[in-house]
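Scroll down for the structure; my scribbles are underneath it.
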Amino acid sequence: MEKDKADLGENRILRGEDGVYRWIYEFPLLKNPLILFMLWKILAFSLGGVWAFVTLLSLGDPGFWWVGFWSEAKGFALILAGLLALGFIAYLFYAAVMGGKYCVLFEMDEHRIVHTQLPGQFRRAKSLSAAVVLTGLAAGNVGAAGSGLLAGSRQSLSSEWCKVKRVVFCPGRNTIKLHAPFCRNQIYASDRDFEFVRRFVEEHCVNAEIHK
């Protein structure tokens, strides 16, 4: 299944002359709290690690079981609640700075997918116009157009299909999660394109456990 053309007004996947599929997705930070949940999970796991370390150090203290343990647990629970509240406030601030959207460029071929956060000027551009530049449909030069845009990108994360060990499909959130050793990536696609991306990922992640 190939998509070589884009429908006007839609966030469509375009295939460049280099055989790479490209699309831009504007992730709604306030409507879809997936990134907030990820932030909370990181905070919870980090604090949990500290709690486990402190607990191990306290095991030899007289009277630690059970009074000391529960007192320590309550203290860490209060700290966790504070961290989650601060995380929520920070997320709202981040969403406001980003204009309510996290704008991502995806480049997908037979070997990998690259997730690239785009700078503000591209975030505010129309998705179709930016994608046309990326695929070189206007200039006929994929390499030059793509290099020019990526030169101003903020952050990229690449996942090779052969290294992905677990795939989780979340169609309700327009998200596909890729888990590989030392690398966790997320793919976003519009309702219209989600099925195409899902099938492409399934066909290429031959070593992965699939969760639908």
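Just remember, in the structure tokens the first chain shown is A, the second B, etc., residues are 1-based per chain, and ligands are 1-based in the order shown.
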Counting only C-alpha atoms, what are the residues of segment 24-78 of chain A within 9 Å of segment 84-103 of chain A, and for each of them which pair of atoms is the nearest and at what distance in Å, to one decimal? Sort the table by chain and rising number, as JSON lines.
{"residue": "A:Ile24", "atom": "CA", "partner": "A:Cys103", "partner_atom": "CA", "distance": 7.0}
{"residue": "A:Tyr25", "atom": "CA", "partner": "A:Cys103", "partner_atom": "CA", "distance": 5.8}
{"residue": "A:Glu26", "atom": "CA", "partner": "A:Cys103", "partner_atom": "CA", "distance": 4.4}
{"residue": "A:Phe27", "atom": "CA", "partner": "A:Tyr102", "partner_atom": "CA", "distance": 4.9}
{"residue": "A:Pro28", "atom": "CA", "partner": "A:Lys101", "partner_atom": "CA", "distance": 4.7}
{"residue": "A:Leu29", "atom": "CA", "partner": "A:Lys101", "partner_atom": "CA", "distance": 5.3}
{"residue": "A:Leu30", "atom": "CA", "partner": "A:Gly100", "partner_atom": "CA", "distance": 6.4}
{"residue": "A:Lys31", "atom": "CA", "partner": "A:Gly100", "partner_atom": "CA", "distance": 8.9}
{"residue": "A:Ile35", "atom": "CA", "partner": "A:Tyr91", "partner_atom": "CA", "distance": 8.6}
{"residue": "A:Leu36", "atom": "CA", "partner": "A:Tyr91", "partner_atom": "CA", "distance": 6.5}
{"residue": "A:Leu39", "atom": "CA", "partner": "A:Gly87", "partner_atom": "CA", "distance": 7.1}
{"residue": "A:Trp40", "atom": "CA", "partner": "A:Leu84", "partner_atom": "CA", "distance": 6.1}
{"residue": "A:Leu43", "atom": "CA", "partner": "A:Leu84", "partner_atom": "CA", "distance": 7.3}
{"residue": "A:Ala44", "atom": "CA", "partner": "A:Leu84", "partner_atom": "CA", "distance": 8.1}
Keeping N, CA and C atoms for every residue in the selection just given, could you write it to a file as an mmCIF file, in the first residue's frame?
data_model
loop_
_atom_site.group_PDB
_atom_site.id
_atom_site.type_symbol
_atom_site.label_atom_id
_atom_site.label_comp_id
_atom_site.auth_asym_id
_atom_site.auth_seq_id
_atom_site.Cartn_x
_atom_site.Cartn_y
_atom_site.Cartn_z
ATOM 1 N N ILE A 24 3.522 14.753 9.109
ATOM 2 C CA ILE A 24 3.613 15.611 10.285
ATOM 3 C C ILE A 24 2.327 15.445 11.082
ATOM 4 N N TYR A 25 2.487 15.278 12.375
ATOM 5 C CA TYR A 25 1.315 15.107 13.245
ATOM 6 C C TYR A 25 1.364 16.146 14.355
ATOM 7 N N GLU A 26 0.259 16.839 14.549
ATOM 8 C CA GLU A 26 0.149 17.811 15.632
ATOM 9 C C GLU A 26 -0.582 17.148 16.798
ATOM 10 N N PHE A 27 0.184 16.785 17.810
ATOM 11 C CA PHE A 27 -0.355 16.076 18.968
ATOM 12 C C PHE A 27 -1.035 17.076 19.904
ATOM 13 N N PRO A 28 -2.348 16.929 20.178
ATOM 14 C CA PRO A 28 -3.059 17.872 21.052
ATOM 15 C C PRO A 28 -2.723 17.621 22.519
ATOM 16 N N LEU A 29 -1.924 18.465 23.107
ATOM 17 C CA LEU A 29 -1.418 18.241 24.454
ATOM 18 C C LEU A 29 -2.510 18.256 25.523
ATOM 19 N N LEU A 30 -3.539 19.052 25.336
ATOM 20 C CA LEU A 30 -4.586 19.138 26.353
ATOM 21 C C LEU A 30 -5.690 18.098 26.153
ATOM 22 N N LYS A 31 -5.985 17.757 24.922
ATOM 23 C CA LYS A 31 -7.033 16.775 24.657
ATOM 24 C C LYS A 31 -6.548 15.341 24.851
ATOM 25 N N ILE A 35 1.206 12.217 27.100
ATOM 26 C CA ILE A 35 2.529 12.689 27.511
ATOM 27 C C ILE A 35 2.533 13.016 29.007
ATOM 28 N N LEU A 36 1.411 13.557 29.517
ATOM 29 C CA LEU A 36 1.307 13.825 30.954
ATOM 30 C C LEU A 36 1.407 12.528 31.744
ATOM 31 N N LEU A 39 4.942 11.436 31.881
ATOM 32 C CA LEU A 39 5.696 12.234 32.842
ATOM 33 C C LEU A 39 5.431 11.744 34.256
ATOM 34 N N TRP A 40 4.160 11.508 34.577
ATOM 35 C CA TRP A 40 3.812 11.007 35.908
ATOM 36 C C TRP A 40 4.459 9.646 36.177
ATOM 37 N N LEU A 43 8.122 10.146 37.034
ATOM 38 C CA LEU A 43 8.270 10.675 38.384
ATOM 39 C C LEU A 43 8.015 9.591 39.434
ATOM 40 N N ALA A 44 6.960 8.793 39.200
ATOM 41 C CA ALA A 44 6.611 7.744 40.153
ATOM 42 C C ALA A 44 7.700 6.681 40.240
#
Would you pick out the contacts of segment 65-68 of chain A at 10 Å or less, using only C-alpha atoms, so that residues sharing its chain but fewer than 6 positions from it are not included, and give the list as number ranges by chain? A: 55, 58-59
Exercise: Ala208 of chain A partners within 8 Å, only C-alpha atoms, chain neighbours under 5 positions left out, as a ChimeraX atom specification: /A:164-167
Written selection (N, CA and C atoms) as a JSON list (two decimals), in the first residue's frame:
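After the write, part_36.json holds the following:
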[["chain", "number", "residue", "atom", "x", "y", "z"],
["A", 164, "VAL", "N", 12.93, -3.71, 17.76],
["A", 164, "VAL", "CA", 11.72, -3.51, 18.56],
["A", 164, "VAL", "C", 11.25, -4.85, 19.12],
["A", 165, "LYS", "N", 11.02, -4.88, 20.43],
["A", 165, "LYS", "CA", 10.62, -6.12, 21.10],
["A", 165, "LYS", "C", 9.15, -6.14, 21.51],
["A", 166, "ARG", "N", 8.54, -4.99, 21.56],
["A", 166, "ARG", "CA", 7.14, -4.93, 21.98],
["A", 166, "ARG", "C", 6.46, -3.75, 21.30],
["A", 167, "VAL", "N", 5.27, -4.00, 20.76],
["A", 167, "VAL", "CA", 4.49, -2.96, 20.10],
["A", 167, "VAL", "C", 3.10, -2.90, 20.74]]
Show me, as a VMD selection string, the residues that have an atom within 8 Å of segment 107-110 of chain A when counting only C-alpha atoms, minus same-chain residues fewer than 6 positions from it. chain A and resid 19 to 23 204
Which residues, written as a list in words, have at least one atom at most 10 Å from Val201 of chain A, with only C-alpha atoms counted and residues fewer than 3 positions away on the same chain left out?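 With the cut-off at 10 Å, the set is Met108, Glu110, Arg112, Ile113, Trp161, Val167, Phe169, Ile176, Leu178, Ile187, Glu195, Phe196, Val197, Arg198, His204, Cys205, Val206, Ala208 and Ile210 of chain A.
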Mind dumping the selected residues with C-alpha atoms as a PDB file, in the first residue's frame?
ATOM      1  CA  MET A 108       9.457   5.769   7.972  1.00  0.00           C
ATOM      2  CA  GLU A 110      11.873  -0.427   5.444  1.00  0.00           C
ATOM      3  CA  ARG A 112      13.382   2.273  10.812  1.00  0.00           C
ATOM      4  CA  ILE A 113      11.156   5.129  11.855  1.00  0.00           C
ATOM      5  CA  TRP A 161      12.264  -2.349  13.280  1.00  0.00           C
ATOM      6  CA  VAL A 167       4.488  -2.959  20.103  1.00  0.00           C
ATOM      7  CA  PHE A 169      -1.414  -0.107  19.525  1.00  0.00           C
ATOM      8  CA  ILE A 176       1.616   3.300  18.573  1.00  0.00           C
ATOM      9  CA  LEU A 178       7.503   0.909  20.297  1.00  0.00           C
ATOM     10  CA  ILE A 187       4.269   7.035  16.675  1.00  0.00           C
ATOM     11  CA  GLU A 195      -4.513   1.719   9.793  1.00  0.00           C
ATOM     12  CA  PHE A 196      -1.804   2.138   7.153  1.00  0.00           C
ATOM     13  CA  VAL A 197       0.860   2.846   9.778  1.00  0.00           C
ATOM     14  CA  ARG A 198      -0.397  -0.007  11.966  1.00  0.00           C
ATOM     15  CA  HIS A 204       8.230  -4.862   9.825  1.00  0.00           C
ATOM     16  CA  CYS A 205       8.473  -5.541  13.571  1.00  0.00           C
ATOM     17  CA  VAL A 206       9.063  -9.246  13.021  1.00  0.00           C
ATOM     18  CA  ALA A 208       8.190  -7.933  18.464  1.00  0.00           C
ATOM     19  CA  ILE A 210       2.230  -7.302  19.409  1.00  0.00           C
TER      20      ILE A 210
END
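Nearest to Ala73 of chain A of all the residues A:His211, A:Lys177, A:Glu202, A:Leu47 is A:Leu47, based on only C-alpha atoms.
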